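Student: Coordinates in target_11.cif, mmCIF, C-alpha atoms, are listed below.
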```
data_query
loop_
_atom_site.label_atom_id
_atom_site.label_comp_id
_atom_site.auth_asym_id
_atom_site.auth_seq_id
_atom_site.Cartn_x
_atom_site.Cartn_y
_atom_site.Cartn_z
CA MET A 293 -18.80 -4.07 -20.33
CA THR A 294 -16.22 -6.55 -21.58
CA SER A 295 -13.71 -5.28 -18.99
CA LEU A 296 -16.33 -5.65 -16.27
CA ASN A 297 -17.01 -9.25 -17.32
CA ILE A 298 -13.30 -10.05 -17.32
CA PHE A 299 -12.96 -8.56 -13.83
CA SER A 300 -15.99 -10.51 -12.58
CA ASN A 301 -14.68 -13.77 -14.02
CA SER A 302 -11.23 -13.17 -12.51
CA LEU A 303 -12.76 -12.41 -9.14
CA LEU A 304 -14.90 -15.55 -9.25
CA ILE A 305 -11.92 -17.69 -10.23
CA SER A 306 -9.81 -16.12 -7.47
CA LEU A 307 -12.46 -16.70 -4.81
CA PHE A 308 -13.06 -20.25 -6.02
CA GLY A 309 -9.33 -20.98 -5.83
CA PHE A 310 -9.12 -19.38 -2.39
CA LEU A 311 -12.05 -21.43 -1.08
CA SER A 312 -10.52 -24.58 -2.55
CA ILE A 313 -7.29 -23.92 -0.66
CA PHE A 314 -9.38 -23.13 2.45
CA PHE A 315 -11.00 -26.57 2.37
CA LEU A 316 -7.77 -28.34 1.49
CA LEU A 317 -5.96 -26.74 4.43
CA THR A 318 -8.88 -27.42 6.77
CA PHE A 319 -9.60 -31.03 5.88
CA GLY A 320 -6.18 -31.98 4.54
CA LYS A 321 -4.91 -32.28 8.10
CA LYS A 322 -7.02 -35.43 8.45
CA PHE A 323 -4.75 -37.31 6.07
CA LYS A 324 -1.96 -39.36 7.58
CA LEU A 325 0.67 -38.01 5.17
CA ALA A 326 -0.18 -34.38 6.10
CA VAL A 327 0.12 -35.14 9.81
CA GLN A 328 3.47 -36.87 9.28
CA LEU A 329 4.79 -33.94 7.26
CA GLU A 330 3.84 -31.48 10.01
CA ARG A 331 5.48 -33.74 12.59
CA PHE A 332 8.71 -33.39 10.66
CA GLY A 333 8.25 -29.61 10.68
CA LEU A 334 7.02 -29.10 7.12
CA PRO A 335 3.71 -27.17 7.21
CA ILE A 336 1.03 -27.98 4.65
CA ALA A 337 0.62 -24.23 4.03
CA VAL A 338 4.22 -23.96 2.84
CA ILE A 339 3.82 -26.94 0.50
CA SER A 340 0.63 -25.36 -0.86
CA GLY A 341 2.40 -22.01 -1.28
CA ILE A 342 5.26 -23.57 -3.25
CA ALA A 343 2.68 -25.34 -5.42
CA GLY A 344 0.89 -22.01 -5.88
CA ILE A 345 4.09 -20.36 -7.12
CA SER A 346 4.75 -23.31 -9.46
CA ILE A 347 1.34 -23.06 -11.18
CA GLY A 348 1.12 -19.26 -11.05
CA PRO A 349 1.76 -16.75 -13.85
CA PHE A 350 5.52 -16.93 -13.25
CA GLY A 351 5.70 -20.66 -12.47
CA PHE A 352 6.41 -23.76 -14.50
CA VAL A 353 2.75 -24.27 -15.43
CA HIS A 354 0.69 -21.12 -16.02
CA PHE A 355 -2.55 -22.41 -14.54
CA LEU A 356 -3.31 -19.41 -12.31
CA SER A 357 -3.77 -16.09 -14.09
CA ARG A 358 -2.10 -12.84 -13.09
CA GLU A 359 -5.55 -11.46 -12.18
CA THR A 360 -6.10 -14.34 -9.75
CA THR A 361 -2.81 -13.83 -7.90
CA ASN A 362 -3.39 -10.06 -7.88
CA VAL A 363 -6.63 -10.65 -5.98
CA TRP A 364 -4.83 -13.00 -3.58
CA SER A 365 -2.13 -10.38 -2.97
CA ASN A 366 -4.76 -8.34 -1.07
CA PHE A 367 -5.54 -11.17 1.37
CA PRO A 368 -2.46 -11.17 3.71
CA THR A 369 -3.48 -7.92 5.47
CA PRO A 370 -7.02 -9.01 6.49
CA LEU A 371 -5.76 -12.51 7.33
CA LEU A 372 -3.02 -11.10 9.55
CA SER A 373 -5.66 -8.91 11.20
CA MET A 374 -7.57 -12.09 12.07
CA VAL A 375 -4.41 -13.65 13.51
CA PHE A 376 -3.94 -10.67 15.84
CA ALA A 377 -7.63 -10.64 16.74
CA THR A 378 -7.46 -14.23 18.00
CA LEU A 379 -4.00 -14.00 19.55
CA MET A 380 -5.11 -12.88 23.02
CA MET A 381 -8.81 -13.72 22.90
CA GLY A 382 -8.51 -17.49 22.63
CA ARG A 383 -6.39 -17.87 25.75
CA PRO A 384 -6.81 -16.85 29.38
CA ILE A 385 -4.88 -13.70 30.21
CA PRO A 386 -1.60 -15.10 31.53
CA ASN A 387 -0.70 -14.68 35.17
CA ILE A 388 2.71 -13.04 34.86
CA ASN A 389 3.76 -13.97 38.41
CA GLY A 390 7.07 -15.73 37.91
CA LEU A 391 7.09 -14.80 34.21
CA VAL A 392 8.31 -11.21 34.45
CA LYS A 393 11.93 -12.09 33.76
CA PRO A 394 11.17 -14.52 30.89
CA ILE A 395 8.84 -11.92 29.31
CA LEU A 396 11.51 -9.22 29.69
CA ASN A 397 14.15 -11.47 28.11
CA GLN A 398 11.83 -12.27 25.21
CA PHE A 399 11.11 -8.56 24.81
CA LEU A 400 14.83 -7.70 24.77
CA LEU A 401 15.41 -10.37 22.14
CA ALA A 402 12.65 -8.91 19.96
CA LEU A 403 14.11 -5.40 20.27
CA SER A 404 17.66 -6.52 19.50
CA LEU A 405 16.44 -8.38 16.41
CA GLY A 406 14.41 -5.45 15.09
CA PHE A 407 16.92 -2.67 15.68
CA GLY A 408 19.70 -4.99 14.54
CA GLN A 409 17.90 -5.48 11.23
CA PHE A 410 17.91 -1.71 10.72
CA PHE A 411 21.61 -1.65 11.65
CA ILE A 412 22.60 -4.51 9.34
CA GLY A 413 20.38 -3.20 6.54
CA GLY A 414 22.06 0.21 6.74
CA LEU A 415 25.55 -1.31 6.63
CA VAL A 416 24.73 -3.55 3.69
CA VAL A 417 23.14 -0.78 1.62
CA LYS A 418 25.83 1.80 2.43
CA TYR A 419 29.02 -0.26 2.16
CA LEU A 420 28.15 -3.27 -0.01
CA LEU A 421 25.24 -2.76 -2.39
CA SER A 422 26.10 0.83 -3.27
CA GLN A 423 29.35 -0.46 -4.81
CA TYR A 424 27.46 -2.49 -7.42
CA MET A 425 24.18 -0.69 -8.10
CA ASN A 426 22.31 2.56 -7.73
CA THR A 427 20.82 2.36 -4.26
CA ASN A 428 18.30 4.46 -2.41
CA PRO A 429 19.12 5.07 1.29
CA LEU A 430 15.57 3.94 2.15
CA MET A 431 16.59 0.42 1.15
CA GLY A 432 18.19 0.23 4.60
CA CYS A 433 14.67 -0.29 6.00
CA LEU A 434 13.77 -3.24 3.81
CA ILE A 435 14.99 -6.06 6.08
CA GLU A 436 13.00 -4.90 9.10
CA VAL A 437 9.95 -3.88 7.06
CA GLY A 438 9.88 -7.19 5.15
CA PHE A 439 11.01 -9.59 7.89
CA GLU A 440 9.50 -8.11 11.05
CA GLY A 441 6.65 -6.18 9.50
CA GLY A 442 5.62 -8.59 6.76
CA HIS A 443 3.18 -7.96 3.92
CA GLY A 444 0.85 -5.77 5.96
CA ALA A 445 3.58 -3.40 7.12
CA ALA A 446 5.23 -3.45 3.66
CA SER A 447 1.95 -2.29 2.12
CA ILE A 448 1.60 0.56 4.62
CA ILE A 449 5.25 1.63 4.57
CA GLY A 450 5.18 1.36 0.77
CA GLU A 451 3.00 4.47 0.74
CA SER A 452 5.65 6.31 2.77
CA PHE A 453 8.36 5.08 0.41
CA ASN A 454 6.37 6.45 -2.53
CA ARG A 455 5.93 9.87 -0.90
CA LEU A 456 9.66 9.97 -0.12
CA GLY A 457 10.69 9.31 -3.72
CA PHE A 458 11.24 5.55 -3.58
CA PRO A 459 8.39 4.10 -5.69
CA LYS A 460 9.99 0.63 -5.93
CA GLY A 461 9.88 0.37 -2.15
CA LEU A 462 6.43 -1.23 -2.09
CA ASP A 463 7.31 -4.07 -4.48
CA LEU A 464 10.69 -4.62 -2.83
CA GLY A 465 9.11 -4.62 0.64
CA LEU A 466 6.53 -7.21 -0.44
CA ALA A 467 9.26 -9.30 -2.08
CA MET A 468 11.36 -9.16 1.11
CA ALA A 469 8.29 -10.11 3.16
CA THR A 470 7.73 -13.18 1.00
CA MET A 471 11.42 -14.12 1.11
CA GLY A 472 11.27 -13.79 4.88
CA LEU A 473 8.17 -15.95 5.03
CA LEU A 474 9.81 -18.59 2.83
CA SER A 475 13.03 -18.50 4.84
CA SER A 476 11.17 -18.68 8.13
CA SER A 477 9.06 -21.65 7.07
CA LEU A 478 11.80 -23.65 5.37
CA LEU A 479 14.60 -22.95 7.85
CA GLY A 480 12.18 -23.27 10.76
CA SER A 481 11.19 -26.72 9.47
CA ILE A 482 14.86 -27.71 9.34
CA PHE A 483 15.40 -26.41 12.89
CA ILE A 484 12.43 -28.40 14.18
CA PHE A 485 13.71 -31.56 12.49
CA LEU A 486 17.23 -31.05 13.88
CA GLY A 487 15.81 -30.18 17.30
CA ARG A 488 13.95 -33.46 17.49
CA THR A 489 16.81 -35.45 16.01
CA LEU A 490 19.38 -33.98 18.40
CA GLY A 491 17.04 -33.98 21.39
CA LEU A 492 16.85 -30.19 21.69
CA SER A 493 13.05 -30.40 21.83
CA ASP A 494 10.90 -32.93 23.67
CA SER A 495 9.82 -34.86 20.57
CA GLU A 496 8.20 -37.75 22.41
CA LYS A 497 5.70 -35.49 24.14
CA ILE A 498 5.05 -33.65 20.90
CA LEU A 499 4.38 -36.84 18.97
CA GLU A 500 2.12 -38.16 21.69
CA THR A 501 0.01 -35.02 21.94
CA LYS A 502 -0.26 -33.93 18.30
CA ASP A 503 -3.07 -36.33 17.45
CA ASP A 504 -4.94 -35.35 20.63
CA LEU A 505 -4.82 -31.74 19.52
CA LEU A 506 -6.25 -32.65 16.12
CA VAL A 507 -9.00 -34.76 17.67
CA ASN A 508 -10.01 -31.97 20.03
CA SER A 509 -9.98 -29.49 17.17
CA LYS A 510 -12.20 -31.70 15.04
CA LYS A 511 -14.69 -32.00 17.84
CA GLY A 512 -15.00 -28.26 18.34
CA ILE A 513 -14.72 -26.40 15.02
CA PHE A 514 -18.04 -26.99 13.25
CA ALA A 515 -20.05 -28.67 16.01
CA ASP A 516 -22.23 -25.63 16.56
CA LEU A 517 -22.69 -22.96 13.89
CA ARG A 518 -24.02 -20.51 16.47
CA VAL A 519 -20.85 -20.80 18.58
CA LEU A 520 -18.75 -20.37 15.45
CA MET A 521 -20.58 -17.19 14.46
CA ILE A 522 -20.28 -15.77 17.99
CA ASN A 523 -16.52 -16.39 18.01
CA LEU A 524 -16.10 -14.89 14.54
CA GLY A 525 -18.13 -11.93 15.79
CA PHE A 526 -15.79 -11.37 18.75
CA SER A 527 -12.79 -11.55 16.39
CA GLY A 528 -14.49 -9.01 14.14
CA LEU A 529 -15.14 -6.84 17.19
CA ALA A 530 -11.43 -6.82 18.04
CA ILE A 531 -10.59 -5.83 14.46
CA SER A 532 -13.25 -3.09 14.54
CA PHE A 533 -11.81 -1.77 17.80
CA GLY A 534 -8.37 -1.60 16.19
CA PHE A 535 -9.68 0.34 13.19
CA LEU A 536 -11.69 2.71 15.39
CA LEU A 537 -8.72 3.39 17.65
CA LEU A 538 -6.45 4.07 14.69
CA THR A 539 -9.10 6.29 13.08
CA PHE A 540 -9.46 8.24 16.33
CA LEU A 541 -5.70 8.79 16.52
CA ARG A 542 -5.69 10.05 12.95
CA LEU A 543 -8.55 12.43 13.66
CA ILE A 544 -6.72 14.05 16.57
CA SER A 545 -3.26 13.84 14.96
CA SER A 546 -3.43 17.37 13.59
CA SER A 547 -2.93 18.71 17.13
CA PHE A 548 0.43 16.89 17.46
CA GLY A 549 2.28 18.61 14.62
CA ASP A 550 3.04 17.65 11.02
CA PHE A 551 5.78 15.11 11.77
CA SER A 552 3.73 13.26 14.39
CA GLN A 553 0.73 13.33 12.09
CA GLU A 554 2.77 11.72 9.32
CA ILE A 555 3.86 8.95 11.68
CA ILE A 556 0.30 8.28 12.91
CA PHE A 557 -1.06 8.12 9.35
CA SER A 558 1.64 5.58 8.48
CA LEU A 559 0.88 3.26 11.41
CA PRO A 560 -0.69 -0.12 10.50
CA VAL A 561 -3.75 -1.35 12.33
CA PHE A 562 -2.29 -4.61 13.71
CA PRO A 563 -0.98 -3.33 17.08
CA PHE A 564 -4.38 -1.78 17.83
CA ILE A 565 -6.19 -5.00 16.93
CA LEU A 566 -3.98 -6.79 19.44
CA ILE A 567 -5.01 -4.26 22.11
CA GLY A 568 -8.66 -4.84 21.16
CA SER A 569 -8.22 -8.60 21.47
CA LEU A 570 -6.74 -8.22 24.95
CA LEU A 571 -9.41 -5.73 26.04
CA ILE A 572 -12.30 -7.99 24.98
CA ARG A 573 -10.74 -10.98 26.75
CA TYR A 574 -10.19 -8.89 29.88
CA ILE A 575 -13.83 -7.68 29.93
CA LEU A 576 -15.14 -11.22 29.45
CA GLU A 577 -12.96 -12.55 32.26
CA LYS A 578 -13.90 -9.74 34.65
CA THR A 579 -17.63 -10.18 33.94
CA LYS A 580 -17.27 -13.99 34.10
CA ASN A 581 -18.65 -14.42 30.57
CA THR A 582 -15.77 -16.38 29.05
CA GLU A 583 -18.19 -19.19 28.12
CA PHE A 584 -19.03 -17.10 25.04
CA ILE A 585 -15.48 -17.65 23.81
CA SER A 586 -14.35 -21.06 22.62
CA ASN A 587 -10.60 -21.35 23.12
CA ILE A 588 -10.44 -24.16 20.56
CA LEU A 589 -12.35 -22.18 17.93
CA GLN A 590 -10.32 -19.03 18.45
CA ARG A 591 -7.13 -21.05 18.16
CA GLU A 592 -8.33 -22.83 15.02
CA ILE A 593 -9.47 -19.57 13.42
CA GLY A 594 -5.99 -18.16 14.06
CA ILE A 595 -4.30 -21.31 12.75
CA LEU A 596 -6.36 -21.36 9.57
CA SER A 597 -5.78 -17.63 9.03
CA THR A 598 -2.04 -18.25 9.45
CA ASP A 599 -2.06 -21.07 6.92
CA LEU A 600 -4.07 -19.06 4.40
CA LEU A 601 -1.82 -16.03 4.92
CA ILE A 602 1.29 -18.09 4.19
CA PHE A 603 -0.28 -19.63 1.10
CA THR A 604 -1.67 -16.42 -0.42
CA ALA A 605 1.52 -14.45 0.30
CA MET A 606 3.68 -17.09 -1.38
CA ALA A 607 1.33 -17.84 -4.28
CA SER A 608 0.87 -14.15 -5.16
CA LEU A 609 4.60 -13.34 -5.19
CA ASP A 610 5.54 -11.31 -8.26
CA ILE A 611 8.60 -13.28 -9.33
CA SER A 612 9.43 -10.61 -11.93
CA VAL A 613 10.22 -8.15 -9.13
CA VAL A 614 12.52 -10.74 -7.54
CA PHE A 615 14.28 -11.40 -10.85
CA GLU A 616 14.73 -7.71 -11.60
CA ASN A 617 16.23 -7.03 -8.17
CA TRP A 618 17.58 -10.50 -7.38
CA LEU A 619 20.99 -9.31 -6.15
CA LEU A 620 19.51 -6.72 -3.77
CA ILE A 621 16.90 -9.12 -2.38
CA LEU A 622 19.35 -12.03 -2.08
CA VAL A 623 22.01 -10.00 -0.26
CA LEU A 624 19.50 -8.38 2.13
CA THR A 625 17.90 -11.78 2.82
CA ILE A 626 21.23 -13.47 3.55
CA PHE A 627 22.47 -10.72 5.87
CA GLY A 628 19.07 -10.44 7.54
CA LEU A 629 19.04 -14.18 8.25
CA PHE A 630 22.66 -14.01 9.40
CA TRP A 631 21.82 -11.35 11.98
CA ASN A 632 18.71 -13.18 13.16
CA LEU A 633 20.63 -16.41 13.72
CA ILE A 634 23.56 -14.72 15.47
CA CYS A 635 21.28 -12.70 17.76
CA ILE A 636 19.05 -15.67 18.62
CA ALA A 637 22.10 -17.87 19.26
CA TYR A 638 23.40 -15.22 21.69
CA PHE A 639 20.16 -15.25 23.66
CA ALA A 640 19.78 -19.03 23.46
CA TYR A 641 23.26 -19.58 24.91
CA PHE A 642 23.67 -16.71 27.35
CA ILE A 643 20.18 -15.52 28.31
CA PHE A 644 17.50 -18.22 28.17
CA ASP A 645 17.72 -20.73 31.00
CA GLU A 646 15.09 -23.34 30.05
CA TYR A 647 13.10 -24.20 26.92
CA TRP A 648 15.55 -22.07 24.98
CA PHE A 649 14.75 -23.98 21.78
CA GLU A 650 11.04 -23.08 21.78
CA LYS A 651 11.65 -19.48 22.85
CA SER A 652 14.25 -19.02 20.13
CA LEU A 653 12.18 -20.77 17.48
CA ILE A 654 9.07 -18.62 17.86
CA GLU A 655 11.16 -15.44 17.83
CA PHE A 656 13.02 -16.60 14.73
CA GLY A 657 9.69 -17.10 12.98
CA ASN A 658 8.38 -13.75 14.20
CA SER A 659 11.51 -11.80 13.24
CA THR A 660 11.84 -13.46 9.83
CA GLY A 661 8.28 -14.09 8.69
CA VAL A 662 6.02 -12.07 11.06
CA VAL A 663 4.05 -13.25 14.09
CA ALA A 664 1.96 -15.76 12.14
CA SER A 665 5.08 -17.64 11.10
CA GLY A 666 6.40 -17.70 14.66
CA LEU A 667 3.11 -19.10 15.95
CA LEU A 668 3.15 -21.73 13.21
CA LEU A 669 6.63 -22.94 14.15
CA LEU A 670 5.78 -23.05 17.85
CA ARG A 671 2.58 -24.95 17.05
CA LEU A 672 4.66 -27.58 15.24
CA ALA A 673 7.36 -27.76 17.90
CA ASP A 674 5.19 -27.52 21.03
CA PRO A 675 1.47 -28.01 20.22
CA LYS A 676 0.48 -28.52 23.87
CA ASN A 677 2.46 -25.48 25.09
CA ILE A 678 4.48 -27.64 27.46
CA SER A 679 7.25 -25.05 27.46
CA LYS A 680 4.83 -22.21 28.44
CA THR A 681 6.39 -20.18 25.64
CA LEU A 682 3.08 -18.99 24.19
CA PRO A 683 1.94 -16.83 27.17
CA ILE A 684 5.46 -15.37 27.40
CA PHE A 685 5.47 -14.52 23.71
CA THR A 686 1.94 -13.06 23.62
CA SER A 687 2.63 -10.93 26.71
CA LYS A 688 5.84 -9.66 25.13
CA GLN A 689 4.06 -8.99 21.86
CA LEU A 690 1.74 -6.45 23.50
CA PHE A 691 4.73 -4.14 23.97
CA ALA A 692 7.01 -5.17 21.09
CA GLN A 693 4.29 -4.85 18.46
CA LEU A 694 3.83 -1.18 19.29
CA ILE A 695 7.55 -0.50 18.79
CA LEU A 696 8.63 -2.72 15.88
CA SER A 697 7.04 -5.21 13.44
CA GLY A 698 5.01 -2.43 11.86
CA GLY A 699 4.91 -0.32 15.00
CA PHE A 700 6.30 3.12 15.84
CA PHE A 701 9.95 2.64 14.81
CA THR A 702 9.07 0.75 11.63
CA VAL A 703 7.04 3.77 10.54
CA LEU A 704 9.61 6.23 11.86
CA ALA A 705 12.60 4.66 10.06
CA PRO A 706 12.03 5.92 6.47
CA LEU A 707 11.08 9.37 7.76
CA MET A 708 14.23 9.59 9.88
CA ILE A 709 16.47 8.36 7.05
CA SER A 710 15.04 11.03 4.77
CA LYS A 711 15.67 13.72 7.41
CA ILE A 712 19.00 12.77 9.07
CA GLY A 713 20.46 10.36 6.51
CA LEU A 714 21.19 6.65 6.47
CA ASP A 715 24.55 6.99 8.26
CA TYR A 716 23.16 8.61 11.39
CA TRP A 717 20.13 6.30 11.49
CA THR A 718 22.38 3.23 11.20
CA GLU A 719 24.60 4.49 14.02
CA ILE A 720 21.58 5.15 16.26
CA CYS A 721 20.21 1.64 15.63
CA ALA A 722 23.65 0.10 16.23
CA LEU A 723 23.91 1.87 19.58
CA ILE A 724 20.40 0.82 20.63
CA THR A 725 21.04 -2.78 19.55
CA PHE A 726 24.25 -3.27 21.50
CA VAL A 727 22.89 -1.49 24.57
CA ILE A 728 19.97 -3.95 24.55
CA LEU A 729 22.32 -6.92 24.22
CA LEU A 730 24.41 -5.58 27.11
CA ILE A 731 21.34 -5.02 29.31
CA ALA A 732 20.20 -8.59 28.66
CA LEU A 733 23.63 -9.90 29.64
CA ILE A 734 23.72 -7.86 32.85
CA LEU A 735 20.20 -8.89 33.89
CA ASN A 736 21.10 -12.55 33.37
CA LYS A 737 24.65 -12.59 34.69
CA GLU A 738 23.80 -15.45 37.08
CA GLU A 739 22.89 -17.71 34.15
CA VAL A 740 26.05 -16.58 32.33
CA ASN A 741 28.18 -17.46 35.38
CA LYS A 742 26.60 -20.95 35.50
CA ILE A 743 27.53 -21.51 31.85
CA GLN A 744 31.10 -20.44 32.47
#
```
What is this file in structure tokens?
Tutor:
Amino acid sequence: MTSLNIFSNSLLISLFGFLSIFFLLTFGKKFKLAVQLERFGLPIAVISGIAGISIGPFGFVHFLSRETTNVWSNFPTPLLSMVFATLMMGRPIPNINGLVKPILNQFLLALSLGFGQFFIGGLVVKYLLSQYMNTNPLMGCLIEVGFEGGHGAASIIGESFNRLGFPKGLDLGLAMATMGLLSSSLLGSIFIFLGRTLGLSDSEKILETKDDLLVNSKKGIFADLRVLMINLGFSGLAISFGFLLLTFLRLISSSFGDFSQEIIFSLPVFPFILIGSLLIRYILEKTKNTEFISNILQREIGILSTDLLIFTAMASLDISVVFENWLLILVLTIFGLFWNLICIAYFAYFIFDEYWFEKSLIEFGNSTGVVASGLLLLRLADPKNISKTLPIFTSKQLFAQLILSGGFFTVLAPLMISKIGLDYWTEICALITFVILLIALILNKEEVNKIQ
């Protein structure tokens, strides 16, 4: 009975703390200082997350208990599900006329980043880390699982790691996901500041329109409880569709063979939620019932879910895991960031013709700290979507999410490494990566000739 009381008290404290952060993130944006910080590219969610780490069980002041942060550690997956549920539903389905090439380029960038992270991770584990510590070949997956997949994918793939004899994989994957989220937010903030300072982004338009966005949001969020509940219901419907589709695939997986069944059971739900979000939006547009969906509310639900995801993921980080494996995590983080920056610079210089800063920024956030982080950075850099990057990114995400970022190849990677070895898997990913980079260069040779 005592244990039950302790659990109940911890749960109540955790929920109270979570709701407190919810209200702070929601209403804190009204304060002038918060708006100014976001204008300089420093999200309130990141500041809150750093504060959460500081007062957590491993911080400077032990205000939050281990039980509280353990409860919060379960929040990123449902919050990321909400982000995917609102991603397509809160915006008209983009007309891809004239956007096919930009979408293709964005897709090629996403693929080169993901497969390149497998390639770099394999090289680092095989030729660098193995010289200084006992390494498991499955560590070659950690950059892509943590950076591209995030906490949700790390939790799912962690089960595969455990079955394959790598029990530390779950904790290391979650630690890499948090390091990616931190790196994405902090470096992304620096990039936004430099972009405005150096004129790489249209800062005047951003500064003029930011307050308008906040005013419009304030008018729409809580004006009508009925509208809010309807929009939350549609988001829940998209999530339910994703779970049902994944459950159906698992039910019929036995007819595909043992290996395919193992892959299907390791797939996360996020790609299927994204399909559900698109399907609901498509049905509403075809039946001319889009008045049931509030674009502002869907956007604000996604924004708040993103902020809460960033806070809970950072605040619930088990610092002890980072300290115990600091060299491994530090080296993988540095090389992962190095590859992301090199690859994005290649596309920014040779491939993207206009609004290269916004297109590169959102992909940096997505490939370092999952889709929520990319959307956050784009929201700070281009809140009015002047660059038209958002429809390009969301259209690309429909395909890329099924392949990487917790999709098919993210799930396949540990299984393939266990069957064919890290060397062969690294070589395969290297070949795929450089073929993608070459295809992008050939498809955009006119832009390359203009540069030269």
Student: Translate the PyMOL selection byres ((chain A and resi 541) around 12) into a concrete residue list for this structure, as a ChimeraX atom specification.
Tutor: /A:534-540,542-548,552-561,564
Student: Just the number, please: distance in Å from CA of Leu694 in chain A to CA of Thr427 in chain A, one decimal.
Tutor: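 So the answer is 29.3 Å.
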Student: Find the nearest atom pair between each residue of range 355-455 of chain A and range 572-583 of chain A for residues within 9 Å, count only C-alpha atoms, give distances in Å to one decimal, sort rows by chain and ascending number, and present the table as JSON lines.
Tutor:
```
{"residue": "A:Met380", "atom": "CA", "partner": "A:Arg573", "partner_atom": "CA", "distance": 7.0}
{"residue": "A:Met381", "atom": "CA", "partner": "A:Arg573", "partner_atom": "CA", "distance": 5.1}
{"residue": "A:Gly382", "atom": "CA", "partner": "A:Arg573", "partner_atom": "CA", "distance": 8.0}
{"residue": "A:Arg383", "atom": "CA", "partner": "A:Arg573", "partner_atom": "CA", "distance": 8.2}
{"residue": "A:Pro384", "atom": "CA", "partner": "A:Arg573", "partner_atom": "CA", "distance": 7.5}
{"residue": "A:Ile385", "atom": "CA", "partner": "A:Tyr574", "partner_atom": "CA", "distance": 7.2}
```
Student: Tell me which protein, DNA and RNA residues are within 9 Å of Trp648 in chain A, counting all atoms listed in the file, leaving out same-chain ones fewer than 5 positions away, and put them as a list of chain:residue names.
Tutor: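 The neighbour list is A:Leu492, A:Phe639, A:Ala640, A:Tyr641, A:Ile643, A:Leu653.
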Student: With C-alpha atoms retained, export the selected residues as a compact mmCIF listing (two decimals), in the frame of the given file.
Tutor:
```txt
# COMPACT_ATOMS: atom_id res chain seq x y z
CA LEU A 492 16.85 -30.19 21.69
CA PHE A 639 20.16 -15.25 23.66
CA ALA A 640 19.78 -19.03 23.46
CA TYR A 641 23.26 -19.58 24.91
CA ILE A 643 20.18 -15.52 28.31
CA LEU A 653 12.18 -20.77 17.48
```
Student: At a cut-off of 10 Å, using only C-alpha atoms, what residues contact range 408-421 of chain A? Leave out same-chain residues fewer than 4 positions from it and give the result as a PyMOL selection string.
Tutor: chain A and resi 402-404+425-437+439-440+619-620+623-625+627-632+635+659+701-702+705+709+714-726
Student: Apply the PyMOL selection byres ((chain A and resi 594-611) around 6) to the displayed file and report the matching residues as a PDB file with C-alpha atoms, in the frame of the given file.
Tutor:
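Output file result-v1.pdb is given in full below:
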```pdb
ATOM      1  CA  ALA A 337       0.620 -24.230   4.030  1.00  0.00           C
ATOM      2  CA  GLY A 341       2.400 -22.010  -1.280  1.00  0.00           C
ATOM      3  CA  GLY A 344       0.890 -22.010  -5.880  1.00  0.00           C
ATOM      4  CA  ILE A 345       4.090 -20.360  -7.120  1.00  0.00           C
ATOM      5  CA  THR A 361      -2.810 -13.830  -7.900  1.00  0.00           C
ATOM      6  CA  TRP A 364      -4.830 -13.000  -3.580  1.00  0.00           C
ATOM      7  CA  SER A 365      -2.130 -10.380  -2.970  1.00  0.00           C
ATOM      8  CA  PRO A 368      -2.460 -11.170   3.710  1.00  0.00           C
ATOM      9  CA  LEU A 371      -5.760 -12.510   7.330  1.00  0.00           C
ATOM     10  CA  VAL A 375      -4.410 -13.650  13.510  1.00  0.00           C
ATOM     11  CA  THR A 378      -7.460 -14.230  18.000  1.00  0.00           C
ATOM     12  CA  ARG A 591      -7.130 -21.050  18.160  1.00  0.00           C
ATOM     13  CA  GLU A 592      -8.330 -22.830  15.020  1.00  0.00           C
ATOM     14  CA  ILE A 593      -9.470 -19.570  13.420  1.00  0.00           C
ATOM     15  CA  SER A 612       9.430 -10.610 -11.930  1.00  0.00           C
ATOM     16  CA  VAL A 613      10.220  -8.150  -9.130  1.00  0.00           C
ATOM     17  CA  VAL A 614      12.520 -10.740  -7.540  1.00  0.00           C
ATOM     18  CA  ALA A 664       1.960 -15.760  12.140  1.00  0.00           C
TER      19      ALA A 664
END
```
Student: Name the closest residue to Ile482 in chain A among the candidates A:Ile531, A:Met708, A:Leu672, A:Ile728; distances are taken between atoms, counting all atoms listed in the file.
Tutor: A:Leu672
Student: To one decimal place in Å, what is the distance between CA of Ile342 in chain A and CA of His443 in chain A?
Tutor: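 CA of His443 in chain A lies 17.3 Å from CA of Ile342 in chain A.
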